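A.B. asks: Got a file for you: start-v3.txt, compact mmCIF, C-alpha atoms.
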# COMPACT_ATOMS: atom_id res chain seq x y z
CA THR A 1 74.03 122.18 167.80
CA LEU A 2 74.20 121.51 171.53
CA ALA A 3 72.59 123.87 174.05
CA VAL A 4 73.40 123.85 177.77
CA LEU A 5 70.60 125.52 179.71
CA GLY A 6 70.60 127.43 182.96
CA THR A 7 67.06 126.16 183.51
CA GLY A 8 65.48 122.73 183.47
CA PRO A 9 65.83 120.92 180.13
CA ASP A 10 62.15 121.51 179.37
CA VAL A 11 62.14 125.25 180.18
CA PRO A 12 63.22 127.56 177.32
CA TYR A 13 64.51 130.92 178.49
CA PRO A 14 63.77 133.56 177.45
CA ARG A 15 60.33 132.40 176.33
CA ARG A 16 60.81 133.83 172.85
CA ASN A 17 63.30 131.00 172.29
CA ALA A 18 60.57 128.35 172.60
CA ALA A 19 60.61 127.57 168.85
CA LEU A 20 64.41 127.26 168.85
CA HIS A 21 64.19 125.00 171.90
CA ARG A 22 61.80 122.67 170.04
CA ARG A 23 64.12 122.56 167.03
CA LEU A 24 67.12 121.69 169.17
CA CYS A 25 65.20 118.96 170.95
CA ALA A 26 64.27 117.49 167.55
CA THR A 27 67.52 117.89 165.62
CA GLY A 28 70.27 118.68 168.15
CA LEU A 29 70.73 118.29 171.87
CA VAL A 30 69.53 120.16 174.95
CA ALA A 31 71.38 119.47 178.21
CA SER A 32 70.93 120.67 181.77
CA GLU A 33 72.08 119.57 185.21
CA LEU A 34 68.86 120.98 186.69
CA PRO A 35 65.68 118.93 187.09
CA PRO A 36 62.75 119.42 184.71
CA GLY A 37 60.52 122.35 185.54
CA THR A 38 63.30 124.46 187.07
CA GLY A 39 62.79 128.09 186.14
CA PRO A 40 65.48 130.72 185.57
CA ARG A 41 67.47 132.11 188.49
CA SER A 42 70.47 134.40 188.08
CA SER A 43 72.80 132.16 190.11
CA GLN A 44 72.21 129.20 187.79
CA PHE A 45 73.72 130.74 184.67
CA PRO A 46 77.32 131.25 185.89
CA SER A 47 77.19 127.67 187.18
CA ARG A 48 75.94 126.52 183.76
CA ASN A 49 78.91 128.27 182.14
CA ARG A 50 81.42 125.83 183.61
CA ILE A 51 79.73 123.04 181.61
CA LEU A 52 79.93 125.11 178.43
CA ALA A 53 83.64 125.73 179.00
CA ALA A 54 84.37 122.07 179.74
CA LEU A 55 82.48 120.74 176.70
CA SER A 56 84.16 123.12 174.26
CA VAL A 57 87.55 122.86 172.60
CA GLY A 58 87.72 126.65 172.61
CA THR A 59 85.72 129.63 173.83
CA VAL A 60 85.20 132.73 171.66
CA VAL A 61 83.94 135.86 173.41
CA VAL A 62 82.26 138.18 170.89
CA GLU A 63 80.80 140.76 173.28
CA ALA A 64 81.32 141.22 177.02
CA ALA A 65 81.00 144.12 179.40
CA ARG A 66 83.53 144.50 182.18
CA ARG A 67 81.26 142.43 184.42
CA SER A 68 79.85 139.68 182.26
CA GLY A 69 78.94 136.02 182.41
CA ALA A 70 80.98 135.56 179.24
CA LEU A 71 84.10 136.50 181.21
CA ILE A 72 83.28 133.78 183.73
CA THR A 73 83.08 131.27 180.90
CA ALA A 74 86.40 132.50 179.48
CA ARG A 75 88.10 132.26 182.88
CA LEU A 76 86.83 128.71 183.38
CA ALA A 77 87.92 127.73 179.87
CA GLY A 78 91.43 128.98 180.64
CA GLU A 79 91.51 127.03 183.89
CA TYR A 80 90.46 123.91 181.99
CA GLY A 81 93.27 124.40 179.50
CA ARG A 82 90.97 125.29 176.60
CA GLU A 83 91.76 127.88 173.95
CA VAL A 84 90.34 131.32 174.80
CA MET A 85 89.70 133.81 172.00
CA ALA A 86 88.14 137.25 171.89
CA PHE A 87 86.72 139.47 169.16
CA PRO A 88 87.88 143.11 169.44
CA GLY A 89 85.55 146.10 169.14
CA SER A 90 85.45 149.85 169.38
CA ILE A 91 87.08 151.38 172.46
CA ARG A 92 83.85 153.38 172.86
CA ASN A 93 81.66 150.27 172.93
CA PRO A 94 80.97 149.23 176.55
CA VAL A 95 80.30 145.61 175.56
CA ALA A 96 83.74 145.37 173.94
CA ARG A 97 85.64 146.22 177.12
CA GLY A 98 85.50 142.68 178.44
CA CYS A 99 86.93 141.37 175.16
CA HIS A 100 89.77 143.89 175.30
CA ARG A 101 90.52 142.85 178.87
CA LEU A 102 90.71 139.20 177.80
CA ILE A 103 93.10 140.08 174.97
CA ARG A 104 95.30 142.04 177.38
CA ASP A 105 95.32 139.01 179.67
CA GLY A 106 96.50 136.68 176.90
CA ALA A 107 93.42 135.57 174.95
CA ALA A 108 93.94 135.17 171.21
CA LEU A 109 92.60 138.05 169.12
CA VAL A 110 90.39 136.70 166.33
CA GLU A 111 88.53 138.58 163.60
CA ASP A 112 86.90 135.84 161.52
CA PRO A 113 85.92 132.15 161.72
CA ALA A 114 89.02 131.05 159.78
CA GLU A 115 91.26 132.32 162.58
CA VAL A 116 89.20 130.42 165.16
CA LEU A 117 89.49 127.21 163.13
CA GLU A 118 93.23 127.72 162.72
CA LEU A 119 93.69 127.92 166.49
CA VAL A 120 91.58 124.89 167.41
CA ALA A 121 92.47 122.70 164.40
CA PRO A 122 95.50 120.97 166.03
CA VAL A 123 93.49 119.96 169.09
CA VAL A 124 90.47 118.87 167.05
CA SER A 125 92.70 116.84 164.73
CA ARG A 126 94.34 115.05 167.63
CA LEU A 127 91.02 114.35 169.34
CA ALA A 128 89.61 113.00 166.07
CA GLY A 129 92.63 110.74 165.70
CA ASP A 130 92.19 109.46 169.26
CA LEU A 131 88.50 108.81 168.61
CA ARG A 132 89.23 106.91 165.39
CA GLY A 133 91.75 104.81 167.27
CA ARG A 134 89.25 103.95 169.98
CA ILE A 135 86.54 103.09 167.44
CA ALA A 136 88.94 100.82 165.55
CA ALA A 137 90.22 99.12 168.70
CA PRO A 138 88.92 95.59 169.36
CA ILE A 139 86.29 95.15 172.05
CA GLN A 140 87.81 93.99 175.32
CA GLY A 141 87.43 90.27 175.91
CA VAL A 142 87.04 89.45 172.21
CA PRO A 143 90.40 88.21 170.85
CA THR A 144 90.97 89.21 167.25
CA GLY A 145 94.53 88.06 166.70
CA PRO A 146 97.79 87.21 168.45
CA PRO A 147 98.18 88.74 171.93
CA ARG A 148 99.79 92.15 172.06
CA ALA A 149 101.86 93.77 174.76
CA VAL A 150 99.91 96.05 177.07
CA ILE A 151 101.41 99.52 177.30
CA ASP A 152 101.12 101.29 180.62
CA PRO A 153 100.66 105.04 179.91
CA ALA A 154 102.50 105.86 183.14
CA ALA A 155 105.52 103.93 181.87
CA ALA A 156 105.65 105.78 178.56
CA PRO A 157 108.42 108.36 178.08
CA PRO A 158 107.23 111.57 179.77
CA ASP A 159 106.50 114.56 177.57
CA PRO A 160 107.94 118.02 178.39
CA VAL A 161 104.79 119.18 180.17
CA TRP A 162 104.67 116.05 182.33
CA ARG A 163 108.29 116.65 183.32
CA ALA A 164 107.54 120.32 184.03
CA LEU A 165 104.90 119.21 186.55
CA ALA A 166 107.32 116.88 188.35
CA HIS A 167 107.82 119.07 191.42
CA ASP A 168 105.22 121.82 191.63
CA PRO A 169 101.86 122.73 190.09
CA GLY A 170 102.00 125.55 187.59
CA SER A 171 99.93 127.88 185.44
CA LEU A 172 99.96 127.69 181.64
CA ASP A 173 102.58 130.46 181.44
CA GLU A 174 104.79 128.86 184.10
CA LEU A 175 104.65 125.49 182.38
CA ALA A 176 105.52 127.12 179.05
CA VAL A 177 108.65 128.61 180.64
CA ARG A 178 109.63 125.35 182.34
CA SER A 179 109.12 123.22 179.24
CA GLY A 180 110.39 125.66 176.60
CA LEU A 181 107.15 125.25 174.62
CA THR A 182 104.59 127.81 173.52
CA VAL A 183 101.43 128.33 175.58
CA ALA A 184 99.38 126.81 172.75
CA GLU A 185 101.57 123.68 172.71
CA VAL A 186 101.36 123.38 176.49
CA SER A 187 97.58 123.80 176.38
CA SER A 188 97.27 121.03 173.78
CA MET A 189 99.45 118.63 175.79
CA LEU A 190 97.59 119.41 179.00
CA LEU A 191 94.29 118.58 177.32
CA SER A 192 95.70 115.22 176.23
CA LEU A 193 97.01 114.48 179.73
CA GLU A 194 93.69 115.60 181.24
CA LEU A 195 91.75 113.25 178.97
CA GLU A 196 94.04 110.44 180.15
CA GLY A 197 93.27 111.37 183.76
CA ARG A 198 96.91 112.18 184.56
CA VAL A 199 96.58 115.91 185.31
CA ALA A 200 93.92 118.29 186.58
CA ALA A 201 93.53 122.02 187.15
CA ARG A 202 92.60 123.87 190.30
CA HIS A 203 92.40 127.64 190.62
CA GLY A 204 94.22 128.10 187.31
CA ARG A 205 97.17 125.85 188.25
CA TRP A 206 97.83 122.40 186.85
CA TYR A 207 99.10 119.44 188.87
CA ARG A 208 99.70 115.71 188.47
CA THR A 209 96.95 113.40 189.64
CA GLY A 210 99.04 110.26 189.62
If you convert what's in this file into structure tokens, what do you get?
C.D. replies:
Amino acid sequence: TLAVLGTGPDVPYPRRNAALHRRLCATGLVASELPPGTGPRSSQFPSRNRILAALSVGTVVVEAARRSGALITARLAGEYGREVMAFPGSIRNPVARGCHRLIRDGAALVEDPAEVLELVAPVVSRLAGDLRGRIAAPIQGVPTGPPRAVIDPAAAPPDPVWRALAHDPGSLDELAVRSGLTVAEVSSMLLSLELEGRVAARHGRWYRTG
């Protein structure tokens, strides 16, 4: 388990989470961009949420009022090209209204963990394959066999999403229309291109970086 704090790394908040904080420090990971000793301030938590969204393959919103920090996280996750999911609730439950708004705006409706895993499995599988390839690759500067041709990623045949970004930046939906792919397929390809440093997102629109 990894926890990203809106306080310094040594400051559990709320204080009742002190025991959980100690467990995470011992068996998981606690991360913060704030210096040690920094106490809680309301402005720090929305800023913290951008790190949560960027680290995650997908974001699941279980409860959210109409004005909620969880909605900030979901918006950032969408801008980063991550999968956004929401758990529905009663129409009379005020902390379900944010989830319903996300679903109306295009978030995937999920009801159990299996549905979450089904949505993120293709991305996780591809990332795992990339990681295995990097681990198996020889260390630079240590020859392990006959020389091999160096492949320039920019010279590789462009994928549909790369072609769709040829002229103008676009949102996920716009790129899906241009490429003829589903939003989920576009999101997966964008993540791959982002990891390669070839695309980036700004204000919900994707553009080429090189």
A.B. asks: Find the residues of stretch 110-140 of chain A that sit at most 9 Å from stretch 175-189 of chain A; for each, write down the nearest two atoms and how far apart they are in Å, to one decimal. Count all atoms listed in the file. Sort by chain, then by number going up, and give it as CSV.
C.D. replies:
residue,atom,partner,partner_atom,distance
A:Leu119,CA,A:Ala184,CA,8.5
A:Pro122,CA,A:Ser188,CA,7.9
A:Val123,CA,A:Ser188,CA,6.1
A.B. asks: Determine, for each residue of stretch 88-139 of chain A having at least one atom at most 9 Å from an atom of stretch 63-82 of chain A, the closest pair of atoms and their separation in Å to one decimal, counting only C-alpha atoms; order by chain and ascending number, as a Markdown table.
C.D. replies:
| residue | atom | partner | partner_atom | distance |
| --- | --- | --- | --- | --- |
| A:Pro88 | CA | A:Glu63 | CA | 8.4 |
| A:Gly89 | CA | A:Glu63 | CA | 8.3 |
| A:Asn93 | CA | A:Ala65 | CA | 9.0 |
| A:Pro94 | CA | A:Ala65 | CA | 5.9 |
| A:Val95 | CA | A:Ala65 | CA | 4.2 |
| A:Ala96 | CA | A:Glu63 | CA | 5.5 |
| A:Arg97 | CA | A:Ala65 | CA | 5.6 |
| A:Gly98 | CA | A:Arg66 | CA | 4.6 |
| A:Cys99 | CA | A:Ala64 | CA | 5.9 |
| A:Arg101 | CA | A:Arg66 | CA | 7.9 |
| A:Leu102 | CA | A:Leu71 | CA | 7.9 |
| A:Ala107 | CA | A:Ala74 | CA | 8.9 |
A.B. asks: Take the selection from the previous step and output its residues with C-alpha atoms, as a PDB file, in the frame of the given file.
C.D. replies:
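As written to disk, result.pdb reads:
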ATOM      1  CA  PRO A  88      87.880 143.110 169.440  1.00  0.00           C
ATOM      2  CA  GLY A  89      85.550 146.100 169.140  1.00  0.00           C
ATOM      3  CA  ASN A  93      81.660 150.270 172.930  1.00  0.00           C
ATOM      4  CA  PRO A  94      80.970 149.230 176.550  1.00  0.00           C
ATOM      5  CA  VAL A  95      80.300 145.610 175.560  1.00  0.00           C
ATOM      6  CA  ALA A  96      83.740 145.370 173.940  1.00  0.00           C
ATOM      7  CA  ARG A  97      85.640 146.220 177.120  1.00  0.00           C
ATOM      8  CA  GLY A  98      85.500 142.680 178.440  1.00  0.00           C
ATOM      9  CA  CYS A  99      86.930 141.370 175.160  1.00  0.00           C
ATOM     10  CA  ARG A 101      90.520 142.850 178.870  1.00  0.00           C
ATOM     11  CA  LEU A 102      90.710 139.200 177.800  1.00  0.00           C
ATOM     12  CA  ALA A 107      93.420 135.570 174.950  1.00  0.00           C
TER      13      ALA A 107
END
A.B. asks: In Å, how far is it from atom CA of A:Arg202 to atom CA of A:Glu83?
C.D. replies: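 According to the coordinates, atom CA of A:Arg202 and atom CA of A:Glu83 are separated by 16.9 Å.
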A.B. asks: So how far away is atom CA of A:Arg205 from atom CA of A:Arg104, in Å?
C.D. replies: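 Computing the Euclidean distance for atom CA of A:Arg104 and atom CA of A:Arg205 yields 19.6 Å.
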